[in-house]
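Below is the file my_file_23.tsv, which contains TSV, C-alpha atoms and all ligand atoms.
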```tsv
chain	number	residue	atom	x	y	z
B	1	MET	CA	49.31	98.74	148.01
B	2	HIS	CA	51.70	100.53	145.70
B	3	ILE	CA	52.78	103.68	147.52
B	4	LEU	CA	54.87	106.61	146.30
B	5	VAL	CA	56.85	108.47	148.97
B	6	VAL	CA	58.13	111.91	147.94
B	7	GLU	CA	60.57	113.00	150.64
B	8	ASP	CA	64.00	114.60	150.28
B	9	GLU	CA	65.28	113.79	153.74
B	10	PRO	CA	67.02	110.45	153.14
B	11	ARG	CA	66.74	109.17	156.70
B	12	LEU	CA	63.02	109.84	156.94
B	13	ALA	CA	62.38	108.49	153.42
B	14	ARG	CA	64.13	105.26	154.38
B	15	LEU	CA	62.26	105.00	157.66
B	16	ILE	CA	58.87	105.41	155.95
B	17	GLN	CA	59.83	103.01	153.19
B	18	GLN	CA	60.97	100.38	155.68
B	19	ALA	CA	57.83	100.72	157.76
B	20	LEU	CA	55.53	100.41	154.74
B	21	THR	CA	57.54	97.57	153.20
B	22	ARG	CA	57.19	95.62	156.45
B	23	GLU	CA	53.41	95.88	156.01
B	24	HIS	CA	53.88	94.30	152.54
B	25	HIS	CA	53.30	97.48	150.57
B	26	VAL	CA	55.41	98.10	147.50
B	27	VAL	CA	57.09	101.48	147.94
B	28	GLU	CA	58.89	103.78	145.54
B	29	VAL	CA	60.76	106.84	146.76
B	30	ALA	CA	61.30	110.12	144.92
B	31	ASN	CA	63.78	112.59	146.41
B	32	ASP	CA	62.55	115.79	144.81
B	33	GLY	CA	59.34	117.35	143.56
B	34	GLU	CA	60.03	116.93	139.85
B	35	GLN	CA	60.77	113.22	140.11
B	36	GLY	CA	57.79	112.87	142.44
B	37	LEU	CA	55.45	114.54	139.96
B	38	ASP	CA	56.73	112.41	137.06
B	39	LEU	CA	56.06	109.23	139.01
B	40	ALA	CA	52.74	110.39	140.48
B	41	ALA	CA	51.50	111.48	137.04
B	42	SER	CA	51.84	107.89	135.81
B	43	GLY	CA	48.72	107.21	137.91
B	44	SER	CA	49.97	103.75	138.82
B	45	PHE	CA	50.11	104.34	142.58
B	46	ASP	CA	47.38	103.67	145.13
B	47	LEU	CA	48.58	106.40	147.51
B	48	VAL	CA	51.11	109.23	147.58
B	49	VAL	CA	52.91	110.44	150.72
B	50	LEU	CA	54.07	113.92	149.81
B	51	ASP	CA	56.37	116.20	151.78
B	52	ILE	CA	55.75	119.95	151.41
B	53	MET	CA	59.32	121.26	151.57
B	54	LEU	CA	61.04	119.67	148.59
B	55	PRO	CA	63.82	120.68	146.19
B	56	LYS	CA	62.92	121.62	142.57
B	57	LYS	CA	59.12	121.71	143.12
B	58	ASP	CA	57.41	121.92	146.48
B	59	GLY	CA	54.70	119.51	147.56
B	60	ILE	CA	51.93	122.07	147.10
B	61	GLU	CA	52.87	122.55	143.45
B	62	VAL	CA	53.26	118.81	142.90
B	63	CYS	CA	49.81	118.13	144.33
B	64	LYS	CA	48.18	120.95	142.40
B	65	THR	CA	49.71	119.80	139.12
B	66	MET	CA	48.68	116.18	139.79
B	67	ARG	CA	45.06	117.28	140.22
B	68	GLU	CA	45.22	119.48	137.10
B	69	LEU	CA	46.44	116.45	135.18
B	70	GLY	CA	43.43	114.51	136.44
B	71	VAL	CA	45.41	112.19	138.72
B	72	LYS	CA	43.04	111.22	141.54
B	73	THR	CA	45.42	109.18	143.68
B	74	PRO	CA	44.87	110.07	147.36
B	75	VAL	CA	47.62	112.29	148.77
B	76	LEU	CA	48.80	112.41	152.37
B	77	MET	CA	50.77	115.62	152.84
B	78	LEU	CA	53.61	115.84	155.34
B	79	THR	CA	53.98	119.25	156.96
B	80	ALA	CA	57.05	120.24	158.94
B	81	LYS	CA	55.36	122.71	161.21
B	82	ASP	CA	52.00	122.50	162.81
B	83	THR	CA	50.86	125.66	161.09
B	84	VAL	CA	47.34	126.21	159.88
B	85	THR	CA	48.58	127.90	156.69
B	86	ASP	CA	50.49	124.84	155.48
B	87	LYS	CA	47.53	122.58	156.12
B	88	VAL	CA	45.09	124.89	154.36
B	89	ARG	CA	47.44	125.34	151.40
B	90	GLY	CA	47.88	121.57	151.18
B	91	LEU	CA	44.17	120.83	151.29
B	92	ASP	CA	43.47	123.65	148.82
B	93	ALA	CA	46.00	122.11	146.44
B	94	GLY	CA	44.03	118.86	146.48
B	95	ALA	CA	45.63	116.86	149.28
B	96	ASP	CA	43.29	114.47	151.09
B	97	ASP	CA	44.87	114.57	154.52
B	98	TYR	CA	47.99	115.79	156.28
B	99	LEU	CA	50.34	114.60	158.97
B	100	THR	CA	52.57	116.90	161.00
B	101	LYS	CA	56.23	115.97	161.47
B	102	PRO	CA	57.41	114.38	163.65
B	103	PHE	CA	54.83	111.62	163.61
B	104	ALA	CA	54.57	108.10	164.93
B	105	LEU	CA	54.72	105.41	162.25
B	106	GLU	CA	51.55	103.92	163.71
B	107	GLU	CA	49.75	107.14	162.90
B	108	LEU	CA	51.08	107.10	159.34
B	109	HIS	CA	49.73	103.55	158.89
B	110	ALA	CA	46.37	104.56	160.33
B	111	ARG	CA	46.06	107.64	158.08
B	112	LEU	CA	46.98	105.67	154.97
B	113	ARG	CA	44.46	102.93	155.80
B	114	ALA	CA	41.76	105.55	156.32
B	115	LEU	CA	42.62	107.28	153.03
B	116	ALA	CA	42.52	104.03	151.10
B	117	ARG	CA	39.09	103.28	152.58
B	118	ARG	CA	37.30	106.56	152.29
B	119	SER	CA	38.40	108.13	149.06
B	120	PRO	CA	35.16	108.07	146.99
B	121	GLU	CA	36.60	108.85	143.59
B	122	PHE	CA	39.43	106.47	143.94
B	123	GLU	CA	39.30	102.98	142.50
B	124	PRO	CA	42.36	101.03	143.45
B	125	VAL	CA	44.04	98.93	140.80
B	126	GLU	CA	42.72	95.56	141.91
B	127	THR	CA	43.79	93.24	139.18
B	128	LEU	CA	47.11	93.02	137.40
B	129	GLN	CA	47.53	90.84	134.34
B	130	VAL	CA	50.45	89.71	132.21
B	131	GLY	CA	49.48	87.11	129.59
B	132	ASP	CA	47.48	84.40	131.35
B	133	LEU	CA	48.89	85.35	134.74
B	134	VAL	CA	46.37	87.29	136.84
B	135	MET	CA	46.87	88.80	140.29
B	136	ASN	CA	43.95	89.98	142.37
B	137	ARG	CA	45.38	92.34	144.97
B	138	THR	CA	42.29	92.44	147.13
B	139	SER	CA	41.79	88.72	147.56
B	140	ARG	CA	45.55	88.17	147.16
B	141	GLU	CA	44.88	85.38	144.68
B	142	VAL	CA	47.21	84.60	141.82
B	143	MET	CA	46.19	82.41	138.89
B	144	ARG	CA	48.09	81.23	135.83
B	145	GLY	CA	45.48	80.03	133.36
B	146	ASN	CA	42.98	78.22	135.57
B	147	LYS	CA	45.54	77.13	138.12
B	148	PRO	CA	45.71	78.96	141.48
B	149	ILE	CA	49.22	79.70	142.71
B	150	GLU	CA	50.14	79.87	146.39
B	151	LEU	CA	52.70	82.58	147.18
B	152	THR	CA	54.37	83.76	150.38
B	153	ALA	CA	54.01	87.47	151.30
B	154	LYS	CA	57.47	88.29	149.88
B	155	GLU	CA	56.91	86.33	146.68
B	156	PHE	CA	53.61	88.15	146.25
B	157	ALA	CA	55.25	91.57	146.77
B	158	LEU	CA	58.02	90.73	144.29
B	159	LEU	CA	55.56	89.48	141.68
B	160	GLU	CA	53.39	92.57	142.20
B	161	PHE	CA	56.38	94.83	141.59
B	162	LEU	CA	57.26	92.94	138.39
B	163	MET	CA	53.65	92.97	137.16
B	164	ARG	CA	53.35	96.71	137.77
B	165	HIS	CA	56.23	97.24	135.36
B	166	PRO	CA	55.56	94.76	132.55
B	167	ASN	CA	58.10	94.63	129.71
B	168	GLN	CA	60.55	96.74	131.74
B	169	VAL	CA	63.93	95.49	132.86
B	170	LEU	CA	64.20	95.93	136.62
B	171	SER	CA	67.65	95.87	138.17
B	172	ARG	CA	68.36	93.84	141.30
B	173	ASP	CA	69.05	97.08	143.20
B	174	ARG	CA	65.73	98.58	142.21
B	175	ILE	CA	63.89	95.40	143.14
B	176	ILE	CA	65.63	95.24	146.55
B	177	GLU	CA	64.87	98.93	147.23
B	178	ASN	CA	61.20	98.53	146.43
B	179	VAL	CA	60.40	95.09	147.72
B	180	TRP	CA	62.82	94.71	150.63
B	181	GLY	CA	63.54	98.36	151.50
B	182	TYR	CA	66.77	100.37	151.46
B	183	GLU	CA	68.22	99.30	154.75
B	184	SER	CA	67.39	95.70	154.22
B	185	ASP	CA	70.00	93.26	155.47
B	186	ALA	CA	68.84	90.83	152.82
B	187	PRO	CA	71.80	89.16	151.06
B	188	PRO	CA	72.64	90.54	147.58
B	189	ASN	CA	71.44	87.36	145.87
B	190	VAL	CA	68.03	87.50	147.58
B	191	VAL	CA	66.41	88.66	144.32
B	192	ASP	CA	67.83	85.71	142.37
B	193	ILE	CA	66.64	83.31	145.07
B	194	TYR	CA	63.10	84.68	145.07
B	195	ILE	CA	62.95	84.85	141.27
B	196	HIS	CA	63.89	81.17	141.32
B	197	PHE	CA	60.99	80.46	143.72
B	198	LEU	CA	58.57	82.46	141.57
B	199	ARG	CA	59.63	80.73	138.38
B	200	ARG	CA	59.07	77.32	139.93
B	201	LYS	CA	55.55	78.34	140.89
B	202	ILE	CA	54.58	80.42	137.86
B	203	ASP	CA	56.51	79.27	134.82
B	204	HIS	CA	57.29	75.63	135.60
B	205	GLY	CA	55.34	73.33	133.29
B	206	HIS	CA	54.27	76.12	130.93
B	207	SER	CA	55.62	76.36	127.40
B	208	LYS	CA	55.89	80.15	127.71
B	209	ALA	CA	58.04	81.58	130.52
B	210	LEU	CA	56.83	84.98	131.70
B	211	ILE	CA	59.74	85.87	133.99
B	212	GLN	CA	62.86	86.57	132.01
B	213	SER	CA	66.48	87.23	132.93
B	214	VAL	CA	68.20	90.02	131.10
B	215	ARG	CA	71.87	89.23	131.36
B	216	GLY	CA	73.84	91.73	133.39
B	217	LEU	CA	70.80	93.97	133.91
B	218	GLY	CA	68.12	92.22	135.92
B	219	TYR	CA	64.69	90.74	135.35
B	220	LYS	CA	61.49	91.50	133.55
B	221	ILE	CA	58.05	90.03	133.21
B	222	GLN	CA	56.72	89.85	129.69
B	223	GLU	CA	53.97	88.09	127.83
I	301	CA	CA	61.57	118.09	153.04
```
With the file now loaded, output its structure as structure tokens.
Ligand code: CA
Amino acid sequence: MHILVVEDEPRLARLIQQALTREHHVVEVANDGEQGLDLAASGSFDLVVLDIMLPKKDGIEVCKTMRELGVKTPVLMLTAKDTVTDKVRGLDAGADDYLTKPFALEELHARLRALARRSPEFEPVETLQVGDLVMNRTSREVMRGNKPIELTAKEFALLEFLMRHPNQVLSRDRIIENVWGYESDAPPNVVDIYIHFLRRKIDHGHSKALIQSVRGLGYKIQE
């Protein structure tokens, strides 16, 4: 899944990102409410983990505005204190569930799984397409033209991140943050290595290469 984490406490944001990345989710982090709202409003996430106490705009306001804008992405609210008021305010603002800090990562996983399953209005983005390359995220199948492509979990996560941002140049740092996680001990050239693997599987033998290098900046996928 593509998950947005809006959390201003860097250590906790990293911890959540790491935990979700290990489960092969693609995670983006926003450190304040404004950035969180901008990203959430794009509607391209499957789930949002939203802290209440945030700089610039608090989580309640972010959630309320998302719903006013018609964004239906399920929201799991993080509350600092186990107070009824925070929970009620969160749910009133349109959150789907809440988790009280501190929480066990296992519980976070369980809540997110439950949210993804039960949200009736929510239709997850199941298929991504760039040119004749199609990714089905439910069956985890990737096809270029009529040819199925076998990918490892990491290759799949990297390709998913690229396909979610078609025609955009993504820097190596941004790719590492989102696909490997902040505190990854992956070597700096890990992105180049995996792009090489992906190209061999996806572009090799085709007249049109979809994965492109942008010198000095990073990579993009483009039809
Ligand atoms: Ca906070």
**Study point:** Contact residues around Lys57 in chain B with all atoms listed in the file at 8 Å, ignoring same-chain residues under 4 positions, as a PyMOL selection string
**Key:** chain B and resi 32-34+61-62
Within 7 Å of ligand CA 301 (chain I): each chain B residue with its shortest pair, all atoms listed in the file, as JSON lines:
```
{"residue": "B:Glu7", "atom": "CA", "partner": "I:CA301", "partner_atom": "CA", "distance": 5.7}
{"residue": "B:Asp8", "atom": "CA", "partner": "I:CA301", "partner_atom": "CA", "distance": 5.1}
{"residue": "B:Glu9", "atom": "CA", "partner": "I:CA301", "partner_atom": "CA", "distance": 5.7}
{"residue": "B:Asp51", "atom": "CA", "partner": "I:CA301", "partner_atom": "CA", "distance": 5.7}
{"residue": "B:Ile52", "atom": "CA", "partner": "I:CA301", "partner_atom": "CA", "distance": 6.3}
{"residue": "B:Met53", "atom": "CA", "partner": "I:CA301", "partner_atom": "CA", "distance": 4.2}
{"residue": "B:Leu54", "atom": "CA", "partner": "I:CA301", "partner_atom": "CA", "distance": 4.8}
```
Practice item. Have a look at CA of Leu198 in chain B and CA of Ile149 in chain B and let me know their distance in Å, one decimal. Key: 9.8 Å
Point to revise | For Pro148 in chain B: contacts at 10 Å, all atoms listed in the file, fewer than 2 positions along chain excluded, given as a ChimeraX atom specification | key: /B:133-135,141-146,150-151,201-202
Those same residues - C-alpha atoms - I'd like them written as a PDB file, in the frame of the given file.
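That gives us out.pdb:
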```
ATOM      1  CA  LEU B 133      48.890  85.350 134.740  1.00  0.00           C
ATOM      2  CA  VAL B 134      46.370  87.290 136.840  1.00  0.00           C
ATOM      3  CA  MET B 135      46.870  88.800 140.290  1.00  0.00           C
ATOM      4  CA  GLU B 141      44.880  85.380 144.680  1.00  0.00           C
ATOM      5  CA  VAL B 142      47.210  84.600 141.820  1.00  0.00           C
ATOM      6  CA  MET B 143      46.190  82.410 138.890  1.00  0.00           C
ATOM      7  CA  ARG B 144      48.090  81.230 135.830  1.00  0.00           C
ATOM      8  CA  GLY B 145      45.480  80.030 133.360  1.00  0.00           C
ATOM      9  CA  ASN B 146      42.980  78.220 135.570  1.00  0.00           C
ATOM     10  CA  GLU B 150      50.140  79.870 146.390  1.00  0.00           C
ATOM     11  CA  LEU B 151      52.700  82.580 147.180  1.00  0.00           C
ATOM     12  CA  LYS B 201      55.550  78.340 140.890  1.00  0.00           C
ATOM     13  CA  ILE B 202      54.580  80.420 137.860  1.00  0.00           C
TER      14      ILE B 202
END
```
Point to revise | Sphere at (56.0, 114.4, 146.6), radius 12 Å, counting only C-alpha atoms: residues as JSON, numbers by chain | key: {"B": [3, 4, 5, 6, 7, 8, 9, 13, 28, 29, 30, 31, 32, 33, 34, 35, 36, 37, 38, 39, 40, 41, 47, 48, 49, 50, 51, 52, 53, 54, 55, 56, 57, 58, 59, 60, 61, 62, 63, 64, 65, 66, 74, 75, 76, 77, 78, 79, 90, 95]}
Study note, to complete from the structure: re CA of Gly43 in chain B and CA of Ala157 in chain B: distance 19.1 Å
Could you work out an axis-aligned box for range 42-57 of chain B, taking every atom the file lists and adding 4 Å on each side, and report centre and edge lengths in Å to one decimal, as lines of an AutoDock Vina configuration file?
```
center_x = 55.6
center_y = 112.7
center_z = 143.8
size_x = 24.4
size_y = 26.0
size_z = 24.0
```
